[in-house]
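One structure is given below, encoded as structure tokens.
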Amino acid sequence: MKTGDKLILAVAVIFVGWLYSHFWTDRGHADFARITVADGEPQLISLDENRLLEMKGTSGISELEINNGRIRFKHSPCPNQICVHAGWLQHGGEFAACLPNHVAIEIVANTTLFDAINF
Amino acid sequence: MTTITLLPDREDTLVAWLTAFAIMIHVFEAAIPSPFPGAKPGLANVITIATLLIFGWRTAAWVSLLRVLVASLMIGTFLSPTFAMSLSGALASILILGASWRLFGHYLGAVGYSILAALAHMGGQFLLAYTLFIPNPGILRLLPVFMSLALVFGLLSGIIAAAMIKQES
Amino acid sequence: MKRKRRTLLSLAFLLMIASCSDPQNEIHKYTFFAFGTIVELTITGTDQETADKAAKILETDFKRMHHDWHAWHPGPLLSINQHLARGEPAPVDDKMMPLLKRAKELALMSEGTFNPLIGKLLEIWGFHNDEMPEKPPPEKAITDFLKNAPNPADLTFNKQRVAIDNPTACFDLGGFAKGYGIDRAIDRLKKLGIRNAIVNAGGDLKAIGKRHDRRWRIGIRHPRKAGVIASIDVNDGESVFTSGDYERYFIYEGKRYHHILDPRTGYPATDFISVTIINPDAGLSDAAATAILVAGHKDWKKIAKKMGVDTVMVIDKQGNIMMTPAMKPRIHLVVHRIDDENR
């Protein structure tokens with residue numbers, strides 16, 4: 001083996017190691033949800049821990065549930081409940097909002113499927 | 001009137017033999033089941049690398065592409081997704097070999113080129129599978145595993161190719 | 001000499017690899033409530049400071065447009081509507097004029113399937129309200145409206161005024177203003193020197209440039225469930241618009257009543273549940289999506305042609321997905337049929 005070969009081998013091993021660290025640290029589901037409430041700054045909330053969050057919007061409290069790396073609107077003080085019907089969000093780029101209460105959630109992940117959602 | 005007779009010289013004959021050998025390996029590999037359709041260890045790589053180091057890049061490209069074409073006709077996968085997978089792998093490895101051949105020339109030996117080619121081969125196949133067939137980030141999680149396999153097989157076929165070249169010269 | 005070149009080439013190679021972590025590749029995302037919906041702005045290829053500044057400016061722009069163009073909250077458009085209701089010509093400022101003129105043009109192209117003057121009809125239905133109505137209006141109210149329905153062809157513009165000889169005429173730019181606003185927002189971003197961005201206002205969007213490594217990729221949401229039915233890679237300067245019966249609706253006695261009314265019948269359009277359009281002109285896409293949803297099975301291809309949109313996908317009540325030849329290569333379907341539990 002030439003010195004060059006050994007170098008290439010070393011670089012290749014490092015590269016494959018990097019691939020593991022890059023693609024395996026994200027456990028398939030998302031890491032964070034970005035939650036925007038009314039005119040406030042968006043906040044990043046980790047989805048690692050199962051819990052209930054209460055977000056005070058412009059017309060009441062929206063209750064968000066985090067479970068197993070997923071998040072959803074559990075209750076919201078809006079007439080149509082579109083946000084609640086949106087169900088669980090877990091993949092990068094997925095999005096739901098309660099317009100009457102001005103609360104929005106978007107999943108932020110390493111492997112973002114879509115840059116935007118059209119509906 | 002002049003007659004031009006085209007006689008295969010020693011090199012032509014060798015190239016033909018190499019291609020035939022590569023096709024054989026390719027067809028043989030196709031018979032081994034793989035968990036990921038179209039992705040194979042790529043031991044036909046041995047031939048490409050040996051050709052590269054003996055005859056240069058142009059010939060290696062010929063051998064490699066001819067191999068994909070003929071083997072796919074033989075297996076009956078011509079123009080099928082499997083063929084697209086083989087072709088994308090072969091193209092990627094040929095391109096990486098071309099670039100590194102220009103850059104490093106004989107600073108690198110069979111093992112170095114073989115590893116580069118194997119990684120490119122797998123990378124090319126993955127890229128195609130990801131963009132065309134299964135654009136789902138889930139399959140990206142398989143990438144490190146397949147790349148590790150590619151690295152091992154690249155090393156292995158590099159060592160075989162090095163031995164082959166020694167015998168040839 | 002040769003060795004030097006080789007070193008240079010190697011360096012270039014390394015740089016290529018290193019460029020993967022270029023800060024210019026960072027993707028800046030902003031979310032704000034404006035325009036009566038949620039606006040999401042995605043910017044890349046620029047530094048944090050420029051992106052932040054652009055987001056602030058767009059937020060102000062969108063809030064102003066919302067105020068100016070609102071059909072039932074106090075503001076310039078409401079004041080125009082009040083003039084028209086009294087049968088008087090209404091003064092229109094320079095900013096509003098092109099919007100109203102373009103709305104008329106689009107209405108004429110749509111052969112009555114897109115009518116920006118049916119504000120009264122929407123009001124009769126109760127859609128001019130922040131809360132959804134509970135039941136449909138009496139049939140008589142609708143037939144009375146249709147007897148004297150406003151025709152956009154009768155709109156006249158002169159200098160600073162708009163007039164129409166029909167007091168039932170009342171602007172509602174719901175099927176068009178969002179697209180027009182997104183076009184203006186993209187213009188604004190370009191002026192601010194931003195080359196790569198997506199403006200997504202309540203699910204309708206326009207993109208410029210690309211992501212650092214590929215074209216912008218967007219998902220089209222399932223019209224009935226959570227999740228995505230298809231993906232589209234958007235070219236520089238293209239907008240993607242979807243009109244659907246699921247955006248604003250109520251259910252009365254098991255039947256869905258949505259806000260996209262057929263100006264010819266006075267009732268919600270019945271054939272299609274969603275229409276998606278790709279076109280560089282967001283305002284046109286918006287109006288055409290509304291028009292095609294209203295047009296239904298019989299006329300949708302004709303109306304699309306008339307309005308000059310060739311990249312169209314429609315989903316009908318039965319869940320069939322249909323598309324024009326130009327749409328086929330653009331869209332990557334994940335779901336091939338929609339199973340609708342709530343027709």
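Residue numbers start at 1 in each chain; chains themselves are named A, B, ... in the order of the structure tokens; ligands are numbered from 1 in the order shown.
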
Applying 9 Å and only C-alpha atoms, which residues near C:Ile182 remain after dropping the ones on its own chain fewer than 4 positions away? List them as an mmCIF file with C-alpha atoms, in the first residue's frame.
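See out39.cif below for the written result:
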```
data_model
loop_
_atom_site.group_PDB
_atom_site.id
_atom_site.type_symbol
_atom_site.label_atom_id
_atom_site.label_comp_id
_atom_site.auth_asym_id
_atom_site.auth_seq_id
_atom_site.Cartn_x
_atom_site.Cartn_y
_atom_site.Cartn_z
ATOM 1 C CA PHE C 62 -48.396 42.453 5.301
ATOM 2 C CA ALA C 177 -55.560 39.774 -2.707
ATOM 3 C CA LYS C 178 -53.419 37.160 -1.009
ATOM 4 C CA ILE C 186 -41.448 39.005 -3.271
ATOM 5 C CA ASP C 187 -40.820 42.268 -5.167
ATOM 6 C CA VAL C 199 -43.023 33.728 1.197
ATOM 7 C CA ASN C 200 -45.764 31.445 2.485
ATOM 8 C CA ALA C 201 -48.976 33.191 3.527
ATOM 9 C CA ASP C 204 -50.103 29.821 -0.503
ATOM 10 C CA LEU C 205 -46.594 30.648 -1.501
ATOM 11 C CA LYS C 206 -44.086 32.009 -3.934
ATOM 12 C CA SER C 239 -45.822 30.436 -6.922
ATOM 13 C CA ALA C 282 -49.234 34.655 -7.638
ATOM 14 C CA GLY C 283 -52.194 37.017 -8.076
#
```

Find the residues near stretch 143-150 of chain B: any atom within 7 Å, counting only C-alpha atoms, skip ones fewer than 6 places away on the same chain, and give them as a ChimeraX atom specification.
/A:16,19-20 /B:41,118-119,122

Closest atom pairs, residues of chain C within 6 Å of chain A, only C-alpha atoms, as a tab-separated table:
```
residue	atom	partner	partner_atom	distance
C:Gly203	CA	A:Asn118	CA	4.4
C:Asp204	CA	A:Asn118	CA	5.6
C:Arg217	CA	A:Phe114	CA	5.3
C:Ile218	CA	A:Ala116	CA	4.8
C:Gly219	CA	A:Ile117	CA	4.8
C:Ile220	CA	A:Asn118	CA	4.8
C:Arg221	CA	A:Phe119	CA	5.3
C:Ala226	CA	A:Ala86	CA	5.3
C:Thr242	CA	A:Phe119	CA	5.6
```

List every residue of chain B that has an atom at most 9 Å from any atom of chain A, giving for each one its closest atom pair and the distance in Å to one decimal, counting only C-alpha atoms, sorted by chain and then by ascending residue number, as a tab-separated table.
```
residue	atom	partner	partner_atom	distance
B:Phe104	CA	A:Gly4	CA	8.5
B:Tyr107	CA	A:Gly4	CA	5.9
B:Leu108	CA	A:Gly4	CA	4.9
B:Gly109	CA	A:Asp5	CA	5.9
B:Ala110	CA	A:Asp5	CA	7.7
B:Val111	CA	A:Asp5	CA	5.7
B:Gly112	CA	A:Asp5	CA	4.1
B:Tyr113	CA	A:Asp5	CA	7.7
B:Ile115	CA	A:Leu9	CA	7.1
B:Leu116	CA	A:Ile8	CA	7.7
B:Leu119	CA	A:Ala12	CA	8.2
B:Pro135	CA	A:Leu113	CA	8.7
B:Asn136	CA	A:Leu113	CA	7.7
B:Pro137	CA	A:Thr111	CA	6.4
B:Gly138	CA	A:Gly28	CA	6.7
B:Leu140	CA	A:Phe23	CA	6.8
B:Arg141	CA	A:Phe23	CA	5.5
B:Leu142	CA	A:Phe23	CA	8.5
B:Leu143	CA	A:Leu19	CA	7.5
B:Pro144	CA	A:Leu19	CA	5.3
B:Val145	CA	A:Tyr20	CA	8.0
B:Met147	CA	A:Val16	CA	6.4
B:Ser148	CA	A:Val16	CA	6.3
B:Leu151	CA	A:Ala12	CA	7.3
B:Leu155	CA	A:Leu9	CA	8.1
B:Ile159	CA	A:Met1	CA	8.7
B:Ala162	CA	A:Met1	CA	8.6
```

To test your reading of the structure, identify every residue in stretch 14-138 of chain B that backbone DSSP assigns to alpha helix (DSSP H), and report it as a ChimeraX atom specification.
/B:14-31,45-55,57-75,81-104,110-128,137-138

Non-local contacts of stretch 43-52 of chain A (6 Å; only C-alpha atoms; under 3 positions in same chain excluded) as a PyMOL selection string
chain A and resi 31-35+64-67+69

If you keep N, CA and C atoms, can you produce a file of those selected residues as a compact mmCIF listing (two decimals), in the first residue's frame?
```
# COMPACT_ATOMS: atom_id res chain seq x y z
N ASP A 31 -36.52 16.98 16.40
CA ASP A 31 -35.91 17.33 17.66
C ASP A 31 -36.67 18.45 18.38
N PHE A 32 -37.10 19.41 17.61
CA PHE A 32 -37.67 20.62 18.19
C PHE A 32 -38.95 21.05 17.49
N ALA A 33 -39.76 21.79 18.23
CA ALA A 33 -40.88 22.47 17.61
C ALA A 33 -40.65 23.96 17.80
N ARG A 34 -40.89 24.73 16.74
CA ARG A 34 -40.80 26.17 16.90
C ARG A 34 -42.21 26.69 17.11
N ILE A 35 -42.43 27.30 18.25
CA ILE A 35 -43.77 27.76 18.60
C ILE A 35 -43.81 29.28 18.57
N LEU A 64 -50.92 22.45 24.31
CA LEU A 64 -50.14 21.64 23.39
C LEU A 64 -49.65 20.40 24.11
N GLU A 65 -49.67 19.27 23.42
CA GLU A 65 -49.21 18.04 24.04
C GLU A 65 -47.98 17.53 23.30
N ILE A 66 -46.94 17.23 24.07
CA ILE A 66 -45.74 16.64 23.48
C ILE A 66 -45.68 15.18 23.93
N ASN A 67 -45.56 14.29 22.97
CA ASN A 67 -45.55 12.86 23.32
C ASN A 67 -44.66 12.13 22.34
N GLY A 69 -41.76 12.51 20.96
CA GLY A 69 -41.18 13.21 19.82
C GLY A 69 -42.20 13.83 18.88
```

Distance atom CA of C:Glu111-atom CA of C:Trp69, one decimal place?
23.8 Å

Output as a PDB file with C-alpha atoms, in the first residue's frame the set of chain B residues within 12 Å of chain C, with distances taken over only C-alpha atoms.
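This went into result-v4.pdb:
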```
ATOM      1  CA  ILE B  96     -14.572  10.230  -9.050  1.00  0.00           C
ATOM      2  CA  ALA B  99     -11.052  13.436 -10.992  1.00  0.00           C
ATOM      3  CA  SER B 100      -8.720  11.686  -8.555  1.00  0.00           C
ATOM      4  CA  TRP B 101      -6.636  10.119 -11.379  1.00  0.00           C
ATOM      5  CA  ARG B 102      -5.967  13.626 -12.661  1.00  0.00           C
ATOM      6  CA  LEU B 103      -5.249  14.916  -9.195  1.00  0.00           C
ATOM      7  CA  PHE B 104      -3.146  12.139  -7.732  1.00  0.00           C
ATOM      8  CA  GLY B 105      -2.000   9.949 -10.652  1.00  0.00           C
ATOM      9  CA  TYR B 107       0.621   8.820  -5.933  1.00  0.00           C
ATOM     10  CA  THR B 131     -34.129  11.430  -5.455  1.00  0.00           C
ATOM     11  CA  LEU B 132     -36.019   9.153  -7.835  1.00  0.00           C
ATOM     12  CA  PHE B 133     -37.394   6.138  -6.077  1.00  0.00           C
ATOM     13  CA  ILE B 134     -37.812   6.774  -2.364  1.00  0.00           C
ATOM     14  CA  PRO B 135     -37.477  10.463  -1.471  1.00  0.00           C
ATOM     15  CA  ASN B 136     -37.888   9.682   2.197  1.00  0.00           C
TER      16      ASN B 136
END
```

Separation of atom CA of C:Phe32 and atom CA of C:Thr290, in Å?
25.1 Å

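Minimum distance to C:Ala90 across C:Met132, C:Lys159, C:Gly36, C:Gln48 (counting only C-alpha atoms) occurs at C:Lys159.
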
Report as a list in words all protein, DNA and RNA residues lying within 8 Å of B:Val63, evaluated on only C-alpha atoms, omitting residues in the same chain fewer than 4 positions from it.
Val15, Leu18, Thr19, Ala22, Thr48, Thr51, Thr59 and Arg67 of chain B

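Excluding C:Thr156 itself and same-chain residues fewer than 5 positions from it, the residues having an atom within 10 Å of it are Pro89, Lys101, Lys104, Arg161, Val162, Ala163, Ile164 and Asp165 of chain C, counting only C-alpha atoms.
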
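Using only C-alpha atoms, the protein and nucleic acid residues lying no more than 7 Å from B:Val46, apart from those fewer than 4 places from it along its own chain, are B:Ala50, B:Ser157, B:Gly158, B:Ile160, B:Ala161.
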
Based on the backbone DSSP call, show me all residues of chain A assigned strand (DSSP E or B), as an NGL selection string.
:A and (32-37 or 43-46 or 51-56 or 61-67 or 70-75 or 89 or 95-98 or 103-108 or 116-118)

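Between atom CA of B:Ala117 and atom CA of B:Asp9 the interatomic distance comes to 28.3 Å.
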
Selected residue, from B:Thr82, B:Ser72, B:Thr77, B:Ser93, that lies nearest to B:Ile49 when counting only C-alpha atoms
B:Ser93

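Residues with any atom within 8 Å of C:Ser243, counting only C-alpha atoms and excluding same-chain neighbours fewer than 3 positions away, are Phe119 of chain A; Glu247, Ser274, Val275, Thr276, Asp286, Ala289, Thr290 and Leu293 of chain C.
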